[in-house]
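Colleague: Have a look at the structure that comes next, please.
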Amino acid sequence: MEANLPLPKYHQIYLLLREQLREGRFDAGLPGELALMGQFGVARVTVRRALSQLAQEGLIHREPGRGTRPVIARVQDMHMQASTVANAQQARLTGLLENLVTMGMRTQVKVLSVEHMRAPMDVAAALKLPSGALVQKAERVRSTQDGPLSHITTWVPDDISAGFGIRELSQKPILVLLEESGVKVGRAEQTISARLADVGIAQHLDVSVGSALLAVRRLIYDEDERPVQWLHGLYRPDRYEYQMQLSRVGSIDAKVWVSQELSANFH
């Protein structure tokens with residue numbers, strides 16, 4: 001765990017497990033206390049306090065001798081809340097997609113995995129696909145000459161992704177591949193939040209477990225309002241920044257800030 005964070009270790013573990021629960025990582029049950037102690041390098045009392053907080057929120061159910069399982073109804077609520085937030089914050093495309101493609105051209109990418117799978121519940125909901133529909137899931141790490149920049153996971157409907165795989169994803173930004181597949185990109189919805197690095201992400205991004213990361217979720221639509229890509233990105237905040245240019249509009253007594261331009265910069 002990250003010792004420099006102003007959060008108790010048990011709370012860091014709670015936050016990581018809570019995020020993983022929301023992602024559906026523990027459908028078959030959570031790891032045992034000993035496994036979590038080894039994973040996070042903490043004492044049993046720390047793990048138990050983190051699990052106790054999850055149980056108090058109704059996210060997990062603990063039974064002696066039977067292990068710890070997620071409470072499906074509560075996890076589904078978390079999925080729906082995340083979807084609502086994403087739908088409420090729509091990013092303008094002026095400069096954004098062009099900037100993302102440019103960033104893709106100026107960084108190096110390592111494709112960690114590409115697989116065709118049945119869409120998890122939250123992915124199917126985001127992409128408006130029927131239950132059990134196939135999607136392509138791809139995991140990549142982007143780097144600059146200074147080291148790892150981001151860990152990106154994308155889901156694309158199977159019929160769209162049929163024309164590209166590991167080789168193409170290692171050579172071109174996925175937005176370019178979507179265009180080459182006949183998709184006419186229309187708009188994007190995006191949210192930016194924070195997340196702590198778990199063990200796997202920490203290794204890929206060369207940071208400590210529990211380090212703070214920028215978490216980006218982006219849903220891309222085509223011109224016919226069909227969702228064509230669902231992206232989860234985790235970025236090192238010391239190498240990536242997101243900028244917005246704002247202007248005020250409205251009458252003198254009701255002025256509001258609106259975004260004019262979006263950009264993503266890395267160093």
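Following the order of the structure tokens, chains are lettered A, B, ..., residues in each are numbered from 1, and ligands are numbered from 1.
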Apply DSSP to the structure's backbone, then extract all residues of range 140-252 of chain A labelled alpha helix (DSSP H) and return them as a list in words.
Modeller: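 Filtering range 140-252 of chain A to alpha helix (DSSP H) leaves Asp158, Asp159, Ile160, Ser161, Ile166, Arg167, Glu168, Leu169, Ile174, Leu175, Val176, Leu177, Leu178, Glu179, Glu180, Val199, Gly200, Ile201, Ala202, Gln203, His204 and Leu205 of chain A.
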Colleague: Can you tell me, as a short mmCIF file (atom, residue, chain, number, x, y, z; two decimals) with N, CA and C atoms, in the first residue's frame, what residues are no more than 7 Å from Leu214 in chain A when counting only C-alpha atoms, ignoring any on the same chain fewer than 3 positions away?
Modeller:
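File written: part_37.cif
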```cif
data_model
loop_
_atom_site.label_atom_id
_atom_site.label_comp_id
_atom_site.auth_asym_id
_atom_site.auth_seq_id
_atom_site.Cartn_x
_atom_site.Cartn_y
_atom_site.Cartn_z
N ILE A 192 -14.35 11.97 -15.39
CA ILE A 192 -13.00 11.88 -14.83
C ILE A 192 -13.12 11.86 -13.33
N SER A 193 -12.48 10.88 -12.71
CA SER A 193 -12.51 10.77 -11.26
C SER A 193 -11.12 10.31 -10.79
N ALA A 194 -11.07 9.76 -9.61
CA ALA A 194 -9.80 9.28 -9.06
C ALA A 194 -9.95 7.83 -8.64
N ARG A 195 -8.83 7.12 -8.64
CA ARG A 195 -8.84 5.73 -8.21
C ARG A 195 -7.45 5.40 -7.67
N LEU A 234 -6.74 4.49 -16.89
CA LEU A 234 -6.10 4.88 -15.64
C LEU A 234 -4.77 5.55 -15.99
N TYR A 235 -4.60 6.79 -15.54
CA TYR A 235 -3.45 7.60 -15.94
C TYR A 235 -2.62 8.02 -14.73
N ARG A 236 -1.31 8.03 -14.91
CA ARG A 236 -0.43 8.57 -13.88
C ARG A 236 -0.57 10.09 -13.85
N PRO A 237 -0.96 10.67 -12.72
CA PRO A 237 -1.17 12.13 -12.69
C PRO A 237 0.11 12.93 -12.81
#
```
Colleague: Please provide the set of residues having any atom within 12 Å of Ala162 in chain A, restricted to only C-alpha atoms, with same-chain residues fewer than 3 positions apart removed, written as a PyMOL selection string.
Modeller: chain A and resi 114-116+134-137+156-159+165-166+168+177-178+180-182
Colleague: Would you put the residues from that selection into a file with all heavy atoms, as a short mmCIF file (atom, residue, chain, number, x, y, z; two decimals), in the first residue's frame?
Modeller:
```cif
data_model
loop_
_atom_site.label_atom_id
_atom_site.label_comp_id
_atom_site.auth_asym_id
_atom_site.auth_seq_id
_atom_site.Cartn_x
_atom_site.Cartn_y
_atom_site.Cartn_z
N VAL A 114 -6.02 -9.26 -25.86
CA VAL A 114 -7.21 -9.02 -26.67
C VAL A 114 -8.03 -10.30 -26.63
O VAL A 114 -7.50 -11.38 -26.92
CB VAL A 114 -6.86 -8.66 -28.13
CG1 VAL A 114 -8.14 -8.51 -28.95
CG2 VAL A 114 -6.04 -7.38 -28.19
N GLU A 115 -9.28 -10.18 -26.27
CA GLU A 115 -10.12 -11.38 -26.22
C GLU A 115 -11.55 -11.04 -26.61
O GLU A 115 -12.01 -9.91 -26.44
CB GLU A 115 -10.11 -12.00 -24.81
CG GLU A 115 -10.63 -11.08 -23.72
CD GLU A 115 -10.67 -11.76 -22.36
OE1 GLU A 115 -11.15 -12.91 -22.29
OE2 GLU A 115 -10.22 -11.15 -21.38
N HIS A 116 -12.22 -12.02 -27.18
CA HIS A 116 -13.63 -11.89 -27.49
C HIS A 116 -14.40 -12.63 -26.41
O HIS A 116 -14.12 -13.79 -26.11
CB HIS A 116 -13.93 -12.47 -28.88
CG HIS A 116 -13.33 -11.65 -29.98
ND1 HIS A 116 -13.99 -10.62 -30.60
CD2 HIS A 116 -12.10 -11.70 -30.55
CE1 HIS A 116 -13.20 -10.08 -31.52
NE2 HIS A 116 -12.05 -10.72 -31.50
N LEU A 134 -21.52 -10.56 -27.65
CA LEU A 134 -20.07 -10.65 -27.69
C LEU A 134 -19.45 -9.28 -27.89
O LEU A 134 -19.97 -8.44 -28.63
CB LEU A 134 -19.62 -11.59 -28.81
CG LEU A 134 -19.96 -13.07 -28.65
CD1 LEU A 134 -19.52 -13.86 -29.89
CD2 LEU A 134 -19.27 -13.64 -27.41
N VAL A 135 -18.32 -9.06 -27.22
CA VAL A 135 -17.54 -7.84 -27.38
C VAL A 135 -16.07 -8.20 -27.45
O VAL A 135 -15.65 -9.29 -27.05
CB VAL A 135 -17.76 -6.86 -26.20
CG1 VAL A 135 -19.17 -6.31 -26.19
CG2 VAL A 135 -17.40 -7.52 -24.88
N GLN A 136 -15.29 -7.26 -27.99
CA GLN A 136 -13.84 -7.40 -27.94
C GLN A 136 -13.34 -6.58 -26.75
O GLN A 136 -13.61 -5.39 -26.65
CB GLN A 136 -13.18 -6.87 -29.21
CG GLN A 136 -11.65 -6.99 -29.20
CD GLN A 136 -10.99 -6.04 -30.17
OE1 GLN A 136 -10.93 -4.84 -29.95
NE2 GLN A 136 -10.51 -6.58 -31.30
N LYS A 137 -12.62 -7.23 -25.86
CA LYS A 137 -11.99 -6.54 -24.74
C LYS A 137 -10.49 -6.48 -25.00
O LYS A 137 -9.86 -7.51 -25.26
CB LYS A 137 -12.25 -7.27 -23.43
CG LYS A 137 -11.55 -6.63 -22.22
CD LYS A 137 -11.73 -7.46 -20.96
CE LYS A 137 -10.98 -6.84 -19.79
NZ LYS A 137 -11.10 -7.66 -18.56
N VAL A 156 -15.50 -3.13 -27.37
CA VAL A 156 -16.09 -2.74 -28.65
C VAL A 156 -17.02 -3.87 -29.09
O VAL A 156 -16.66 -5.05 -28.99
CB VAL A 156 -15.00 -2.50 -29.72
CG1 VAL A 156 -15.63 -2.18 -31.08
CG2 VAL A 156 -14.07 -1.37 -29.29
N PRO A 157 -18.23 -3.56 -29.58
CA PRO A 157 -19.12 -4.62 -30.07
C PRO A 157 -18.41 -5.51 -31.07
O PRO A 157 -17.62 -5.06 -31.89
CB PRO A 157 -20.27 -3.83 -30.72
CG PRO A 157 -20.31 -2.54 -29.97
CD PRO A 157 -18.87 -2.22 -29.67
N ASP A 158 -18.70 -6.80 -31.01
CA ASP A 158 -17.96 -7.79 -31.79
C ASP A 158 -18.03 -7.54 -33.29
O ASP A 158 -17.06 -7.74 -34.00
CB ASP A 158 -18.50 -9.19 -31.47
CG ASP A 158 -17.51 -10.29 -31.80
OD1 ASP A 158 -16.39 -10.25 -31.26
OD2 ASP A 158 -17.85 -11.17 -32.61
N ASP A 159 -19.17 -7.08 -33.79
CA ASP A 159 -19.30 -6.90 -35.23
C ASP A 159 -18.42 -5.75 -35.72
O ASP A 159 -17.95 -5.75 -36.86
CB ASP A 159 -20.75 -6.64 -35.61
CG ASP A 159 -21.33 -5.40 -34.93
OD1 ASP A 159 -21.07 -5.22 -33.73
OD2 ASP A 159 -22.05 -4.63 -35.60
N GLY A 165 -7.21 -6.59 -34.52
CA GLY A 165 -6.81 -7.41 -33.38
C GLY A 165 -5.52 -6.89 -32.78
O GLY A 165 -5.23 -5.69 -32.82
N ILE A 166 -4.71 -7.80 -32.24
CA ILE A 166 -3.48 -7.40 -31.53
C ILE A 166 -2.56 -6.58 -32.42
O ILE A 166 -2.05 -5.53 -32.02
CB ILE A 166 -2.74 -8.65 -31.00
CG1 ILE A 166 -3.56 -9.33 -29.90
CG2 ILE A 166 -1.37 -8.25 -30.46
CD1 ILE A 166 -2.92 -10.58 -29.35
N GLU A 168 -3.11 -4.77 -35.17
CA GLU A 168 -3.62 -3.45 -35.52
C GLU A 168 -3.66 -2.53 -34.29
O GLU A 168 -3.32 -1.34 -34.38
CB GLU A 168 -5.03 -3.56 -36.11
CG GLU A 168 -5.09 -4.22 -37.49
CD GLU A 168 -4.99 -5.74 -37.43
OE1 GLU A 168 -5.12 -6.31 -36.32
OE2 GLU A 168 -4.78 -6.37 -38.48
N LEU A 177 -8.89 2.95 -35.90
CA LEU A 177 -9.35 1.62 -36.32
C LEU A 177 -10.88 1.58 -36.44
O LEU A 177 -11.42 0.92 -37.33
CB LEU A 177 -8.87 0.56 -35.31
CG LEU A 177 -7.36 0.36 -35.24
CD1 LEU A 177 -7.00 -0.59 -34.11
CD2 LEU A 177 -6.81 -0.17 -36.57
N LEU A 178 -11.56 2.28 -35.53
CA LEU A 178 -13.02 2.35 -35.64
C LEU A 178 -13.45 3.02 -36.94
O LEU A 178 -14.35 2.54 -37.64
CB LEU A 178 -13.60 3.11 -34.44
CG LEU A 178 -13.55 2.40 -33.09
CD1 LEU A 178 -14.03 3.35 -31.99
CD2 LEU A 178 -14.38 1.13 -33.09
N GLU A 180 -11.71 3.20 -39.69
CA GLU A 180 -11.38 2.30 -40.79
C GLU A 180 -12.36 1.13 -40.90
O GLU A 180 -12.50 0.52 -41.96
CB GLU A 180 -9.95 1.77 -40.62
CG GLU A 180 -8.89 2.84 -40.80
CD GLU A 180 -7.48 2.30 -40.62
OE1 GLU A 180 -7.35 1.14 -40.17
OE2 GLU A 180 -6.52 3.03 -40.92
N SER A 181 -13.04 0.84 -39.78
CA SER A 181 -14.05 -0.23 -39.79
C SER A 181 -15.41 0.26 -40.26
O SER A 181 -16.38 -0.49 -40.26
CB SER A 181 -14.19 -0.83 -38.38
OG SER A 181 -12.98 -1.43 -37.96
N GLY A 182 -15.47 1.54 -40.66
CA GLY A 182 -16.71 2.09 -41.19
C GLY A 182 -17.52 2.89 -40.20
O GLY A 182 -18.61 3.38 -40.53
#
```
Colleague: Point out the residue among A:Leu196, A:Lys172, A:Leu16, A:Trp155 with the least atom-to-atom distance to Asp122 in chain A, counting only C-alpha atoms.
Modeller: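 Smallest separation from Asp122 in chain A among the options: A:Trp155.
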Colleague: Within range 177-223 of chain A, find each residue whose DSSP state, derived from the backbone, is strand (DSSP E or B), and express the selection as a list in words.
Modeller: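 Here is the list: Val185, Gly186, Arg187, Ala188, Glu189, Gln190, Thr191, Ile192, Ser193, Ala194, Arg195, Leu196, Ala212, Leu213, Leu214, Ala215, Val216, Arg217, Arg218, Leu219, Ile220, Tyr221 and Asp222 of chain A.
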Colleague: How would the residues just chosen look if you wrote them out with N, CA and C atoms as a compact mmCIF listing (two decimals), in the first residue's frame?
Modeller:
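The resulting file, result.txt, is reproduced below:
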```
# COMPACT_ATOMS: atom_id res chain seq x y z
N VAL A 185 -17.68 8.44 -36.18
CA VAL A 185 -17.77 8.86 -34.79
C VAL A 185 -18.58 10.15 -34.68
N GLY A 186 -19.54 10.16 -33.75
CA GLY A 186 -20.41 11.32 -33.59
C GLY A 186 -20.12 12.14 -32.36
N ARG A 187 -20.13 11.50 -31.19
CA ARG A 187 -19.93 12.25 -29.95
C ARG A 187 -19.37 11.32 -28.88
N ALA A 188 -19.01 11.92 -27.75
CA ALA A 188 -18.49 11.14 -26.63
C ALA A 188 -19.06 11.64 -25.32
N GLU A 189 -19.23 10.73 -24.37
CA GLU A 189 -19.57 11.09 -23.00
C GLU A 189 -18.40 10.65 -22.12
N GLN A 190 -17.98 11.51 -21.22
CA GLN A 190 -16.77 11.21 -20.47
C GLN A 190 -16.89 11.68 -19.03
N THR A 191 -16.36 10.89 -18.12
CA THR A 191 -16.23 11.29 -16.72
C THR A 191 -14.78 11.11 -16.30
N ILE A 192 -14.35 11.97 -15.39
CA ILE A 192 -13.00 11.88 -14.83
C ILE A 192 -13.12 11.86 -13.33
N SER A 193 -12.48 10.88 -12.71
CA SER A 193 -12.51 10.77 -11.26
C SER A 193 -11.12 10.31 -10.79
N ALA A 194 -11.07 9.76 -9.61
CA ALA A 194 -9.80 9.28 -9.06
C ALA A 194 -9.95 7.83 -8.64
N ARG A 195 -8.83 7.12 -8.64
CA ARG A 195 -8.84 5.73 -8.21
C ARG A 195 -7.45 5.40 -7.67
N LEU A 196 -7.40 4.43 -6.77
CA LEU A 196 -6.13 3.97 -6.24
C LEU A 196 -5.67 2.74 -7.02
N ALA A 212 -2.48 7.21 -6.13
CA ALA A 212 -3.63 7.87 -6.74
C ALA A 212 -3.45 7.97 -8.24
N LEU A 213 -4.49 7.64 -8.98
CA LEU A 213 -4.48 7.71 -10.44
C LEU A 213 -5.70 8.50 -10.92
N LEU A 214 -5.58 9.09 -12.10
CA LEU A 214 -6.74 9.69 -12.76
C LEU A 214 -7.51 8.58 -13.48
N ALA A 215 -8.78 8.50 -13.23
CA ALA A 215 -9.62 7.48 -13.85
C ALA A 215 -10.56 8.13 -14.87
N VAL A 216 -10.45 7.71 -16.11
CA VAL A 216 -11.26 8.27 -17.19
C VAL A 216 -12.19 7.19 -17.72
N ARG A 217 -13.45 7.51 -17.86
CA ARG A 217 -14.41 6.62 -18.51
C ARG A 217 -15.02 7.36 -19.68
N ARG A 218 -14.96 6.75 -20.85
CA ARG A 218 -15.39 7.44 -22.06
C ARG A 218 -16.25 6.50 -22.90
N LEU A 219 -17.43 6.97 -23.26
CA LEU A 219 -18.34 6.21 -24.12
C LEU A 219 -18.45 6.95 -25.45
N ILE A 220 -18.07 6.26 -26.53
CA ILE A 220 -18.07 6.84 -27.87
C ILE A 220 -19.33 6.39 -28.62
N TYR A 221 -19.99 7.35 -29.27
CA TYR A 221 -21.18 7.06 -30.08
C TYR A 221 -20.86 7.34 -31.55
N ASP A 222 -21.55 6.63 -32.44
CA ASP A 222 -21.43 6.98 -33.85
C ASP A 222 -22.49 8.03 -34.19
```
Colleague: From the set A:His232, A:Phe164, A:Pro70, A:Arg239, which residue has the shortest atom-to-atom contact distance to Ser143 in chain A, counting only C-alpha atoms?
Modeller: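 Of all the options, A:Arg239 lies closest to Ser143 in chain A.
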Colleague: Need to verify the contact set: Ala133 in chain A, 8 Å, only C-alpha atoms, exclusion of same-chain residues closer than 5 positions in sequence. Can you return it as number ranges by chain?
Modeller: A: 118-119, 124
Colleague: Keeping all heavy atoms for every residue in the selection just given, could you write it to a file as a tab-separated table (two decimals), in the first residue's frame?
Modeller:
```
chain	number	residue	atom	x	y	z
A	118	ARG	N	-18.24	-12.60	-23.73
A	118	ARG	CA	-19.59	-12.11	-23.49
A	118	ARG	C	-19.51	-10.87	-22.62
A	118	ARG	O	-18.79	-10.86	-21.62
A	118	ARG	CB	-20.46	-13.19	-22.85
A	118	ARG	CG	-20.60	-14.43	-23.75
A	118	ARG	CD	-21.75	-15.31	-23.34
A	118	ARG	NE	-21.83	-16.48	-24.20
A	118	ARG	CZ	-22.36	-16.49	-25.41
A	118	ARG	NH1	-22.88	-15.38	-25.90
A	118	ARG	NH2	-22.38	-17.59	-26.13
A	119	ALA	N	-20.23	-9.84	-22.99
A	119	ALA	CA	-20.12	-8.56	-22.30
A	119	ALA	C	-20.58	-8.67	-20.85
A	119	ALA	O	-21.66	-9.19	-20.59
A	119	ALA	CB	-20.96	-7.51	-23.02
A	124	ALA	N	-22.41	-4.32	-21.19
A	124	ALA	CA	-23.59	-4.49	-22.04
A	124	ALA	C	-24.54	-3.31	-21.88
A	124	ALA	O	-25.12	-2.81	-22.86
A	124	ALA	CB	-24.30	-5.80	-21.70
```
Colleague: Can you measure CA of Leu175 in chain A to CA of Asp238 in chain A for me? One decimal in Å is fine.
Modeller: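 A separation of 25.0 Å between them.
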Colleague: Using only C-alpha atoms, which of the listed residues (A:Ser161, A:Thr68, A:Ser211, A:Ser113) sits closest to Asp27 in chain A?
Modeller: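 Answer, going by the shortest atom-to-atom distance: A:Thr68.
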Colleague: When you count only C-alpha atoms, which of these residues is closest to Gly29 in chain A: A:Glu241, A:Glu139, A:Asp198, A:Glu63?
Modeller: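 Looking at the shortest contact to Gly29 in chain A, the residue is A:Glu63.
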